[in-house]
$ cat run11.cif   # mmCIF, C-alpha atoms
data_work
loop_
_atom_site.group_PDB
_atom_site.id
_atom_site.type_symbol
_atom_site.label_atom_id
_atom_site.label_comp_id
_atom_site.auth_asym_id
_atom_site.auth_seq_id
_atom_site.Cartn_x
_atom_site.Cartn_y
_atom_site.Cartn_z
ATOM 1 C CA MET A 263 -26.467 -7.797 20.585
ATOM 2 C CA THR A 264 -28.156 -6.846 17.336
ATOM 3 C CA ARG A 265 -26.529 -7.955 14.124
ATOM 4 C CA CYS A 266 -26.905 -6.075 10.877
ATOM 5 C CA SER A 267 -28.123 -7.941 7.862
ATOM 6 C CA PRO A 268 -25.616 -7.984 4.972
ATOM 7 C CA ARG A 269 -27.607 -5.256 3.196
ATOM 8 C CA GLU A 270 -27.635 -2.838 6.106
ATOM 9 C CA GLU A 271 -24.915 -0.238 6.467
ATOM 10 C CA PRO A 272 -24.009 0.262 10.146
ATOM 11 C CA ILE A 273 -22.508 3.626 9.176
ATOM 12 C CA PRO A 274 -24.561 5.459 6.535
ATOM 13 C CA GLY A 275 -22.715 5.706 3.239
ATOM 14 C CA ILE A 276 -19.967 3.256 4.190
ATOM 15 C CA ASP A 277 -20.231 -0.405 3.247
ATOM 16 C CA ALA A 278 -19.151 -2.690 6.098
ATOM 17 C CA GLY A 279 -17.561 -4.948 3.458
ATOM 18 C CA LEU A 280 -14.937 -2.246 3.024
ATOM 19 C CA PHE A 281 -13.700 -2.784 6.570
ATOM 20 C CA ALA A 282 -13.741 -6.555 6.078
ATOM 21 C CA ALA A 283 -11.564 -6.144 2.981
ATOM 22 C CA LEU A 284 -9.141 -3.908 4.870
ATOM 23 C CA ALA A 285 -8.936 -6.267 7.861
ATOM 24 C CA SER A 286 -6.448 -8.517 6.038
ATOM 25 C CA PRO A 287 -2.745 -7.620 6.337
ATOM 26 C CA LYS A 288 -2.136 -9.229 2.923
ATOM 27 C CA ARG A 289 -4.777 -7.027 1.300
ATOM 28 C CA LEU A 290 -3.310 -3.929 2.929
ATOM 29 C CA GLN A 291 0.092 -4.968 1.582
ATOM 30 C CA ILE A 292 -1.349 -5.379 -1.915
ATOM 31 C CA LEU A 293 -2.831 -1.870 -1.750
ATOM 32 C CA GLN A 294 0.557 -0.468 -0.694
ATOM 33 C CA TRP A 295 2.354 -2.238 -3.551
ATOM 34 C CA LEU A 296 -0.229 -1.086 -6.088
ATOM 35 C CA LYS A 297 0.223 2.509 -4.941
ATOM 36 C CA ASP A 298 3.622 2.483 -6.690
ATOM 37 C CA PRO A 299 3.668 -0.608 -8.916
ATOM 38 C CA ARG A 300 6.847 0.251 -10.813
ATOM 39 C CA SER A 301 8.908 0.138 -7.628
ATOM 40 C CA HIS A 302 7.387 -3.160 -6.452
ATOM 41 C CA PHE A 303 6.924 -5.260 -9.613
ATOM 42 C CA PRO A 304 9.055 -6.105 -12.656
ATOM 43 C CA PRO A 305 8.079 -4.892 -16.129
ATOM 44 C CA GLN A 306 5.339 -6.946 -17.768
ATOM 45 C CA LYS A 307 5.295 -8.341 -21.284
ATOM 46 C CA ASP A 308 1.592 -7.523 -21.665
ATOM 47 C CA GLY A 309 0.093 -4.400 -20.122
ATOM 48 C CA ASP A 310 1.625 -1.358 -18.474
ATOM 49 C CA LEU A 311 2.029 -1.591 -14.683
ATOM 50 C CA VAL A 312 0.412 1.815 -14.122
ATOM 51 C CA ASP A 313 -2.073 2.130 -16.990
ATOM 52 C CA ASP A 314 -3.327 -1.460 -17.066
ATOM 53 C CA GLY A 315 -2.431 -2.683 -13.588
ATOM 54 C CA VAL A 316 -0.339 -5.554 -12.271
ATOM 55 C CA CYS A 317 -0.824 -9.129 -13.420
ATOM 56 C CA VAL A 318 -2.310 -11.305 -10.702
ATOM 57 C CA LEU A 319 0.587 -13.761 -11.140
ATOM 58 C CA PHE A 320 3.120 -11.104 -10.098
ATOM 59 C CA ILE A 321 0.999 -10.204 -7.076
ATOM 60 C CA ALA A 322 0.673 -13.874 -6.080
ATOM 61 C CA ASP A 323 4.415 -14.380 -6.406
ATOM 62 C CA LYS A 324 5.244 -11.319 -4.298
ATOM 63 C CA LEU A 325 2.688 -12.340 -1.646
ATOM 64 C CA GLY A 326 4.095 -15.858 -1.585
ATOM 65 C CA VAL A 327 0.692 -17.448 -2.210
ATOM 66 C CA ALA A 328 -0.939 -19.466 -4.968
ATOM 67 C CA GLN A 329 -2.674 -17.584 -7.776
ATOM 68 C CA PRO A 330 -6.197 -18.561 -6.609
ATOM 69 C CA THR A 331 -5.440 -17.176 -3.135
ATOM 70 C CA ALA A 332 -4.171 -13.900 -4.581
ATOM 71 C CA THR A 333 -7.237 -13.723 -6.821
ATOM 72 C CA SER A 334 -9.477 -14.167 -3.782
ATOM 73 C CA HIS A 335 -7.744 -11.268 -2.002
ATOM 74 C CA LEU A 336 -7.963 -9.080 -5.090
ATOM 75 C CA GLN A 337 -11.639 -9.867 -5.637
ATOM 76 C CA ALA A 338 -12.373 -8.848 -2.035
ATOM 77 C CA LEU A 339 -10.601 -5.537 -2.666
ATOM 78 C CA ALA A 340 -12.558 -5.122 -5.923
ATOM 79 C CA ARG A 341 -15.907 -5.788 -4.193
ATOM 80 C CA ALA A 342 -14.974 -3.100 -1.663
ATOM 81 C CA GLY A 343 -14.319 -0.684 -4.539
ATOM 82 C CA LEU A 344 -10.602 -0.299 -3.804
ATOM 83 C CA VAL A 345 -9.193 -1.852 -6.987
ATOM 84 C CA THR A 346 -10.304 -2.421 -10.543
ATOM 85 C CA SER A 347 -9.518 -5.340 -12.809
ATOM 86 C CA LYS A 348 -8.848 -5.540 -16.531
ATOM 87 C CA ARG A 349 -8.691 -8.664 -18.679
ATOM 88 C CA VAL A 350 -6.034 -8.788 -21.367
ATOM 89 C CA GLY A 351 -6.142 -12.122 -23.169
ATOM 90 C CA GLN A 352 -5.852 -14.811 -20.516
ATOM 91 C CA TRP A 353 -4.386 -12.455 -17.895
ATOM 92 C CA THR A 354 -6.106 -10.287 -15.314
ATOM 93 C CA PHE A 355 -4.490 -7.047 -14.203
ATOM 94 C CA TYR A 356 -5.371 -5.115 -11.040
ATOM 95 C CA LYS A 357 -4.789 -1.510 -10.071
ATOM 96 C CA ARG A 358 -5.947 0.803 -7.325
ATOM 97 C CA ASP A 359 -9.056 2.886 -7.944
ATOM 98 C CA GLU A 360 -7.601 6.156 -6.683
ATOM 99 C CA GLY A 361 -10.836 8.111 -7.176
ATOM 100 C CA ALA A 362 -12.822 5.595 -5.154
ATOM 101 C CA ILE A 363 -10.133 5.487 -2.452
ATOM 102 C CA ARG A 364 -10.249 9.298 -2.131
ATOM 103 C CA GLN A 365 -14.050 9.211 -1.905
ATOM 104 C CA ILE A 366 -14.002 6.423 0.701
ATOM 105 C CA THR A 367 -11.397 8.343 2.726
ATOM 106 C CA ARG A 368 -13.587 11.453 2.670
ATOM 107 C CA GLN A 369 -16.675 9.446 3.701
ATOM 108 C CA ILE A 370 -14.873 7.846 6.627
ATOM 109 C CA SER A 371 -13.405 11.191 7.736
ATOM 110 C CA SER A 372 -16.754 12.944 7.655
ATOM 111 C CA THR A 373 -18.711 10.092 9.246
ATOM 112 C CA LEU A 374 -16.515 8.807 12.060
#
$ encode --input "run11.cif" --output "structure tokens"
Amino acid sequence: MTRCSPREEPIPGIDAGLFAALASPKRLQILQWLKDPRSHFPPQKDGDLVDDGVCVLFIADKLGVAQPTATSHLQALARAGLVTSKRVGQWTFYKRDEGAIRQITRQISSTL
């Protein structure tokens, strides 16, 4: 069996890291919650849930994990291009990158 090096793309135009990021049920759940943050998270003191994203502490609490674990999940989603992050003071907010998600969906549909 031949293994691809980390730089190779087994499917042209689609990063294999994307599928690794999506292989986690917790990450899929985060993406679902971020699709409609106002219905899944309470209002935030700093930052708008839609415009700025959701504070990592709220995501960690809803997932039932420690903040570093939630951050690890969110960073994997960010590396895959599915979410973006924004620093506001000491807090980090995450939201879906809808444009990137649409592009990734189109690439998968046309390639597979």
$ resolve_selection --input "run11.cif" --expression "the PyMOL selection byres ((chain A and resi 298-301) around 10)" --output "PyMOL selection string"
chain A and resi 292-297+302-305+310-312+315-316+357-358
$ atom_distance --input "run11.cif" --atom1 "atom CA of A:His335" --atom2 "atom CA of A:Arg289"
6.1 Å
$ resolve_selection --input "run11.cif" --expression "the PyMOL selection byres ((chain A and resi 360) around 10)" --output "short mmCIF file (atom, residue, chain, number, x, y, z; two decimals) with C-alpha atoms, keeping the file's coordinate frame"
data_model
loop_
_atom_site.label_atom_id
_atom_site.label_comp_id
_atom_site.auth_asym_id
_atom_site.auth_seq_id
_atom_site.Cartn_x
_atom_site.Cartn_y
_atom_site.Cartn_z
CA LYS A 297 0.22 2.51 -4.94
CA GLY A 343 -14.32 -0.68 -4.54
CA LEU A 344 -10.60 -0.30 -3.80
CA VAL A 345 -9.19 -1.85 -6.99
CA THR A 346 -10.30 -2.42 -10.54
CA LYS A 357 -4.79 -1.51 -10.07
CA ARG A 358 -5.95 0.80 -7.32
CA ASP A 359 -9.06 2.89 -7.94
CA GLY A 361 -10.84 8.11 -7.18
CA ALA A 362 -12.82 5.60 -5.15
CA ILE A 363 -10.13 5.49 -2.45
CA ARG A 364 -10.25 9.30 -2.13
CA GLN A 365 -14.05 9.21 -1.90
CA ILE A 366 -14.00 6.42 0.70
#
$ residues_around --input "run11.cif" --residues "A:Thr333" --least-positions-apart "6" --cutoff "9 Å" --atoms "all atoms listed in the file" --output "PyMOL selection string"
chain A and resi 318-319+321-322
$ write_last_selection --input "run11.cif" --atoms "C-alpha atoms" --output "PDB file, in the coordinates of the input"
ATOM      1  CA  VAL A 318      -2.310 -11.305 -10.702  1.00  0.00           C
ATOM      2  CA  LEU A 319       0.587 -13.761 -11.140  1.00  0.00           C
ATOM      3  CA  ILE A 321       0.999 -10.204  -7.076  1.00  0.00           C
ATOM      4  CA  ALA A 322       0.673 -13.874  -6.080  1.00  0.00           C
TER       5      ALA A 322
END
$ closest_residue --input "run11.cif" --among "A:Cys317, A:Ile370, A:Ala282, A:Leu290" --to "A:Val350" --atoms "only C-alpha atoms"
A:Cys317
$ atom_distance --input "run11.cif" --atom1 "atom CA of A:Thr354" --atom2 "atom CA of A:Asp313"
13.2 Å
$ atom_distance --input "run11.cif" --atom1 "atom CA of A:Asp314" --atom2 "atom CA of A:Ser347"
8.5 Å
$ closest_residue --input "run11.cif" --among "A:Ser372, A:Lys307, A:Gly279, A:Trp353" --to "A:Gln329" --atoms "all atoms listed in the file"
A:Trp353
$ axis_aligned_box --input "run11.cif" --around "stretch 337-355 of chain A" --padding-each-side "3 Å" --output "lines of an AutoDock Vina configuration file"
center_x = -10.1
center_y = -7.6
center_z = -12.4
size_x = 17.5
size_y = 20.5
size_z = 27.5
$ residues_near_point --input "run11.cif" --point "(-13.4, -6.2, 0.4)" --cutoff "7 Å" --atoms "all atoms listed in the file" --output "ChimeraX atom specification"
/A:279-280,282-284,338-342
